[in-house]
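Enquirer: Structure below; questions to follow.
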Amino acid sequence: MTLLTAIGLSDIAFFIFALLIIGCGAVVAFSRNIVHSGFALMGTFAGVAGLYALAFAQFIAAVQIMVYVGGVLVVILFAIMMTREIGRAESSNPAVGRFPAVLLGVVIGAVLVFIALQFPWTINPSTDFDPTVNDLGDALLSRFLIPFEVLSLLLLAVLVGAVMLVKKEIKALPPEEKSS
Amino acid sequence: MIIGLPHYLIVAAVLFSLGIICVVSRRNAIGLLMGVELILNSANINLVAFARYVESGISGQVFALFVIVLAAAEAAVAMAIVMAIYRHLRNIDTAAAVNLKE
């Protein structure tokens, strides 16, 4: 481990992941084609998972890959494929002009970077961490038990709610077709 | 090892502003949702980096897990709403959805 840190392998990995995140994030934000944005989102999610792994959060990295790349991204891509009228440009046109949006983003980003650099963080200098899966399991079933259970309840509600939202419209569709 | 907390925070800040740009400038409801996902991811990077560099406990990672779960739930419900709006209005332009208020 000391040899790796001496030659800065994790530093190189960090810069690769950061480049991946920011490059793909820029494509997501600026691409005119919503499908390109959707696929670029995968690069961002994967890069973020890499950063988690570099910050000794291995379990979070695995969950990031499984939930985001395997779940959320597939749902987003399905939604794009099912709703997009191919060839209709205005479905991805900007609402606000691009220039004010970029200006707002730059201002907010500058403020955040300023805070990150100016605030006197108390840095924990240790570079040796055990895998955190064990501690995470303990924490979720002891100190964070109530939020954990509330989250499981929320997931149940989301499951039922999503099915309800989609199913209702299927029922409502036939009279609409009759009238049109 | 030259990488420290500020590097993580800067990456997260850039990702956050990209998400803001995406949310503000897109009219496609799905594009808007992608911006929200970028913002949530940047917040998560901050949580994990703080758990690594500032606080020696596990709380930061637990909160990152909670954020991931909430983001997945939000994506599922938002996609269901988008599909419902699409069935109803035949497009997902957010400007068209103002008709919901009638």
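Note on naming: chains are A, B, ... as they come in the structure tokens, residues start from 1 per chain, ligands start from 1 in the order shown.
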Please, which residues in segment 8-101 of chain B fall within 7 Å of segment 150-168 of chain A when counting only C-alpha atoms, and what is the closest atom pair and distance in Å to one decimal for each, ordered by chain then residue number, as JSON lines?

Expert:
{"residue": "B:Ala73", "atom": "CA", "partner": "A:Val158", "partner_atom": "CA", "distance": 6.1}
{"residue": "B:Ala76", "atom": "CA", "partner": "A:Ala162", "partner_atom": "CA", "distance": 6.6}
{"residue": "B:Val77", "atom": "CA", "partner": "A:Ala162", "partner_atom": "CA", "distance": 5.2}
{"residue": "B:Ala80", "atom": "CA", "partner": "A:Ala162", "partner_atom": "CA", "distance": 5.4}
{"residue": "B:Ile81", "atom": "CA", "partner": "A:Leu165", "partner_atom": "CA", "distance": 6.5}
{"residue": "B:Met83", "atom": "CA", "partner": "A:Val166", "partner_atom": "CA", "distance": 6.9}
{"residue": "B:Ala84", "atom": "CA", "partner": "A:Val166", "partner_atom": "CA", "distance": 5.8}

Enquirer: Using only all heavy atoms, please write the residues we just selected to a file, as an mmCIF file, in the first residue's frame.

Expert:
data_model
loop_
_atom_site.group_PDB
_atom_site.id
_atom_site.type_symbol
_atom_site.label_atom_id
_atom_site.label_comp_id
_atom_site.auth_asym_id
_atom_site.auth_seq_id
_atom_site.Cartn_x
_atom_site.Cartn_y
_atom_site.Cartn_z
ATOM 1 N N ALA B 73 -35.937 5.471 -5.624
ATOM 2 C CA ALA B 73 -37.386 5.619 -5.461
ATOM 3 C C ALA B 73 -37.905 6.796 -6.278
ATOM 4 O O ALA B 73 -38.918 6.696 -6.991
ATOM 5 C CB ALA B 73 -37.724 5.812 -3.987
ATOM 6 N N ALA B 76 -38.030 5.967 -9.949
ATOM 7 C CA ALA B 76 -39.144 5.083 -10.313
ATOM 8 C C ALA B 76 -40.450 5.859 -10.393
ATOM 9 O O ALA B 76 -41.197 5.764 -11.380
ATOM 10 C CB ALA B 76 -39.254 3.947 -9.287
ATOM 11 N N VAL B 77 -40.727 6.681 -9.352
ATOM 12 C CA VAL B 77 -41.987 7.425 -9.358
ATOM 13 C C VAL B 77 -42.006 8.455 -10.476
ATOM 14 O O VAL B 77 -43.013 8.619 -11.187
ATOM 15 C CB VAL B 77 -42.204 8.099 -7.990
ATOM 16 C CG1 VAL B 77 -43.389 9.026 -8.057
ATOM 17 C CG2 VAL B 77 -42.421 7.058 -6.932
ATOM 18 N N ALA B 80 -42.749 6.829 -13.700
ATOM 19 C CA ALA B 80 -44.163 6.483 -13.806
ATOM 20 C C ALA B 80 -44.986 7.713 -14.163
ATOM 21 O O ALA B 80 -45.879 7.670 -15.019
ATOM 22 C CB ALA B 80 -44.649 5.873 -12.494
ATOM 23 N N ILE B 81 -44.662 8.865 -13.530
ATOM 24 C CA ILE B 81 -45.399 10.090 -13.826
ATOM 25 C C ILE B 81 -45.146 10.516 -15.263
ATOM 26 O O ILE B 81 -46.073 10.924 -15.988
ATOM 27 C CB ILE B 81 -44.991 11.200 -12.832
ATOM 28 C CG1 ILE B 81 -45.459 10.837 -11.429
ATOM 29 C CG2 ILE B 81 -45.565 12.527 -13.256
ATOM 30 C CD1 ILE B 81 -45.011 11.802 -10.380
ATOM 31 N N MET B 83 -44.388 8.623 -17.791
ATOM 32 C CA MET B 83 -45.136 7.758 -18.700
ATOM 33 C C MET B 83 -46.618 8.123 -18.699
ATOM 34 O O MET B 83 -47.266 8.129 -19.751
ATOM 35 C CB MET B 83 -44.978 6.291 -18.277
ATOM 36 C CG MET B 83 -43.587 5.725 -18.383
ATOM 37 S SD MET B 83 -42.867 5.936 -19.995
ATOM 38 C CE MET B 83 -43.920 4.873 -20.955
ATOM 39 N N ALA B 84 -47.158 8.438 -17.505
ATOM 40 C CA ALA B 84 -48.575 8.800 -17.431
ATOM 41 C C ALA B 84 -48.841 10.082 -18.213
ATOM 42 O O ALA B 84 -49.810 10.179 -18.993
ATOM 43 C CB ALA B 84 -48.988 8.969 -15.966
#

Enquirer: Find the spatial neighbours of segment 100-107 of chain A, counting only C-alpha atoms, within a cut-off of 9 Å - ignore same-chain residues fewer than 5 positions away - and output them as a list in words.

Expert: Leu112 of chain A; Val14, Phe16, Ser17, Leu18, Gly19, Ile20, Ile21, Cys22, Val23, Val24 and Ser25 of chain B

Enquirer: With a distance cut-off of 6 Å and only C-alpha atoms, select the neighbouring residues of Cys24 of chain A, excluding the residue or stretch itself and same-chain residues fewer than 5 positions from it, and output the selection as a VMD selection string.

Expert: chain A and resid 40 43 to 44

Enquirer: Keeping C-alpha atoms, export the residues of the selection given above as a PDB file, in the first residue's frame.

Expert:
ATOM      1  CA  ALA A  40     -23.249   9.529 -20.885  1.00  0.00           C
ATOM      2  CA  GLY A  43     -20.043   7.091 -17.411  1.00  0.00           C
ATOM      3  CA  THR A  44     -20.836   9.561 -14.660  1.00  0.00           C
TER       4      THR A  44
END

Enquirer: At a cut-off of 8 Å, using only C-alpha atoms, what residues contact Leu47 of chain B? Leave out same-chain residues fewer than 2 positions from it and give the result as a PDB file with N, CA and C atoms, in the first residue's frame.

Expert:
ATOM      1  N   ALA B  43     -23.911  15.241  -4.258  1.00  0.00           N
ATOM      2  CA  ALA B  43     -24.097  15.274  -2.808  1.00  0.00           C
ATOM      3  C   ALA B  43     -23.535  14.017  -2.164  1.00  0.00           C
ATOM      4  N   ASN B  44     -23.723  12.885  -2.858  1.00  0.00           N
ATOM      5  CA  ASN B  44     -23.218  11.624  -2.325  1.00  0.00           C
ATOM      6  C   ASN B  44     -21.702  11.587  -2.281  1.00  0.00           C
ATOM      7  N   ILE B  45     -21.065  12.144  -3.313  1.00  0.00           N
ATOM      8  CA  ILE B  45     -19.592  12.209  -3.293  1.00  0.00           C
ATOM      9  C   ILE B  45     -19.144  12.971  -2.056  1.00  0.00           C
ATOM     10  N   ALA B  49     -16.849  11.469   0.906  1.00  0.00           N
ATOM     11  CA  ALA B  49     -15.548  12.089   1.142  1.00  0.00           C
ATOM     12  C   ALA B  49     -15.438  12.582   2.581  1.00  0.00           C
ATOM     13  N   PHE B  50     -16.525  13.140   3.125  1.00  0.00           N
ATOM     14  CA  PHE B  50     -16.488  13.573   4.526  1.00  0.00           C
ATOM     15  C   PHE B  50     -16.322  12.378   5.447  1.00  0.00           C
ATOM     16  N   ALA B  51     -17.001  11.264   5.116  1.00  0.00           N
ATOM     17  CA  ALA B  51     -16.850  10.073   5.944  1.00  0.00           C
ATOM     18  C   ALA B  51     -15.405   9.584   5.920  1.00  0.00           C
ATOM     19  N   GLY B  60     -21.530   8.869   7.525  1.00  0.00           N
ATOM     20  CA  GLY B  60     -21.533   9.434   6.177  1.00  0.00           C
ATOM     21  C   GLY B  60     -21.895   8.397   5.139  1.00  0.00           C
ATOM     22  N   GLN B  61     -21.356   7.207   5.284  1.00  0.00           N
ATOM     23  CA  GLN B  61     -21.655   6.165   4.303  1.00  0.00           C
ATOM     24  C   GLN B  61     -23.093   5.689   4.435  1.00  0.00           C
ATOM     25  N   PHE B  63     -25.588   7.554   5.303  1.00  0.00           N
ATOM     26  CA  PHE B  63     -26.428   8.557   4.647  1.00  0.00           C
ATOM     27  C   PHE B  63     -26.309   8.473   3.133  1.00  0.00           C
ATOM     28  N   ALA B  64     -25.115   8.136   2.650  1.00  0.00           N
ATOM     29  CA  ALA B  64     -24.959   7.948   1.203  1.00  0.00           C
ATOM     30  C   ALA B  64     -25.851   6.820   0.714  1.00  0.00           C
TER      31      ALA B  64
END

Enquirer: Of the candidates B:Ile39, B:Tyr53, B:Leu89, B:Tyr8, which one gets nearest to chain A if we count only C-alpha atoms?

Expert: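 Counting only C-alpha atoms, the residue closest to chain A is B:Tyr53.
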
Enquirer: May I ask which of the residues A:Gly47, A:Phe39, A:Leu136, A:Glu149 is the closest one to chain B, counting only C-alpha atoms?

Expert: A:Leu136

Enquirer: List as a list in words the protein and nucleic acid residues near Ser31 of chain A, meaning an atom at most 12 Å away when only C-alpha atoms are counted, but skip any in the same chain fewer than 2 places from it.

Expert: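 That gives Gly23, Cys24, Gly25, Ala26, Val27, Val28, Ala29, Asn33, Ile34, Val35, His36, Ser37, Gly38, Phe39, Ala40, Leu41, Ser92, Asn93, Pro94 and Arg98 of chain A; Leu18, Ile21, Cys22, Ser25, Arg26 and Gly31 of chain B.
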
Enquirer: Keeping only C-alpha atoms, write the selected residues as a CSV table (one decimal), in the first residue's frame.

Expert:
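Full text of again18.csv as output:
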chain,number,residue,atom,x,y,z
A,23,GLY,CA,-16.7,14.8,-19.1
A,24,CYS,CA,-19.7,12.6,-19.1
A,25,GLY,CA,-21.6,15.0,-16.8
A,26,ALA,CA,-20.9,17.8,-19.4
A,27,VAL,CA,-22.3,15.6,-22.2
A,28,VAL,CA,-25.4,14.9,-20.0
A,29,ALA,CA,-25.9,18.6,-19.4
A,33,ASN,CA,-29.6,14.4,-28.2
A,34,ILE,CA,-31.3,13.0,-25.1
A,35,VAL,CA,-30.2,9.5,-25.9
A,36,HIS,CA,-26.6,10.6,-25.8
A,37,SER,CA,-27.3,12.2,-22.5
A,38,GLY,CA,-28.7,9.0,-21.2
A,39,PHE,CA,-25.7,6.9,-22.2
A,40,ALA,CA,-23.2,9.5,-20.9
A,41,LEU,CA,-25.0,9.3,-17.5
A,92,SER,CA,-34.8,18.4,-26.0
A,93,ASN,CA,-34.7,22.1,-26.6
A,94,PRO,CA,-33.6,24.3,-23.7
A,98,ARG,CA,-28.2,28.1,-22.6
B,18,LEU,CA,-23.5,20.6,-14.3
B,21,ILE,CA,-27.3,23.6,-15.7
B,22,CYS,CA,-29.1,20.4,-16.9
B,25,SER,CA,-31.9,24.4,-19.3
B,26,ARG,CA,-33.8,21.3,-20.3
B,31,GLY,CA,-33.5,15.4,-19.2

Enquirer: Measuring between only C-alpha atoms, which one of B:His7, B:Ile2, B:Leu15, B:Ala29 shows the shortest distance to Ile85 of chain B?

Expert: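 Smallest separation from Ile85 of chain B among the options: B:Ala29.
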
Enquirer: Got a sec: who's within 10 Å of Val11 of chain B, counting only C-alpha atoms, leaving out chain neighbours fewer than 2 positions off, as a PyMOL selection string?

Expert: (chain A and resi 15+17-19+21-22+48+51+109+113) or (chain B and resi 6-9+13-16+42+45-46)
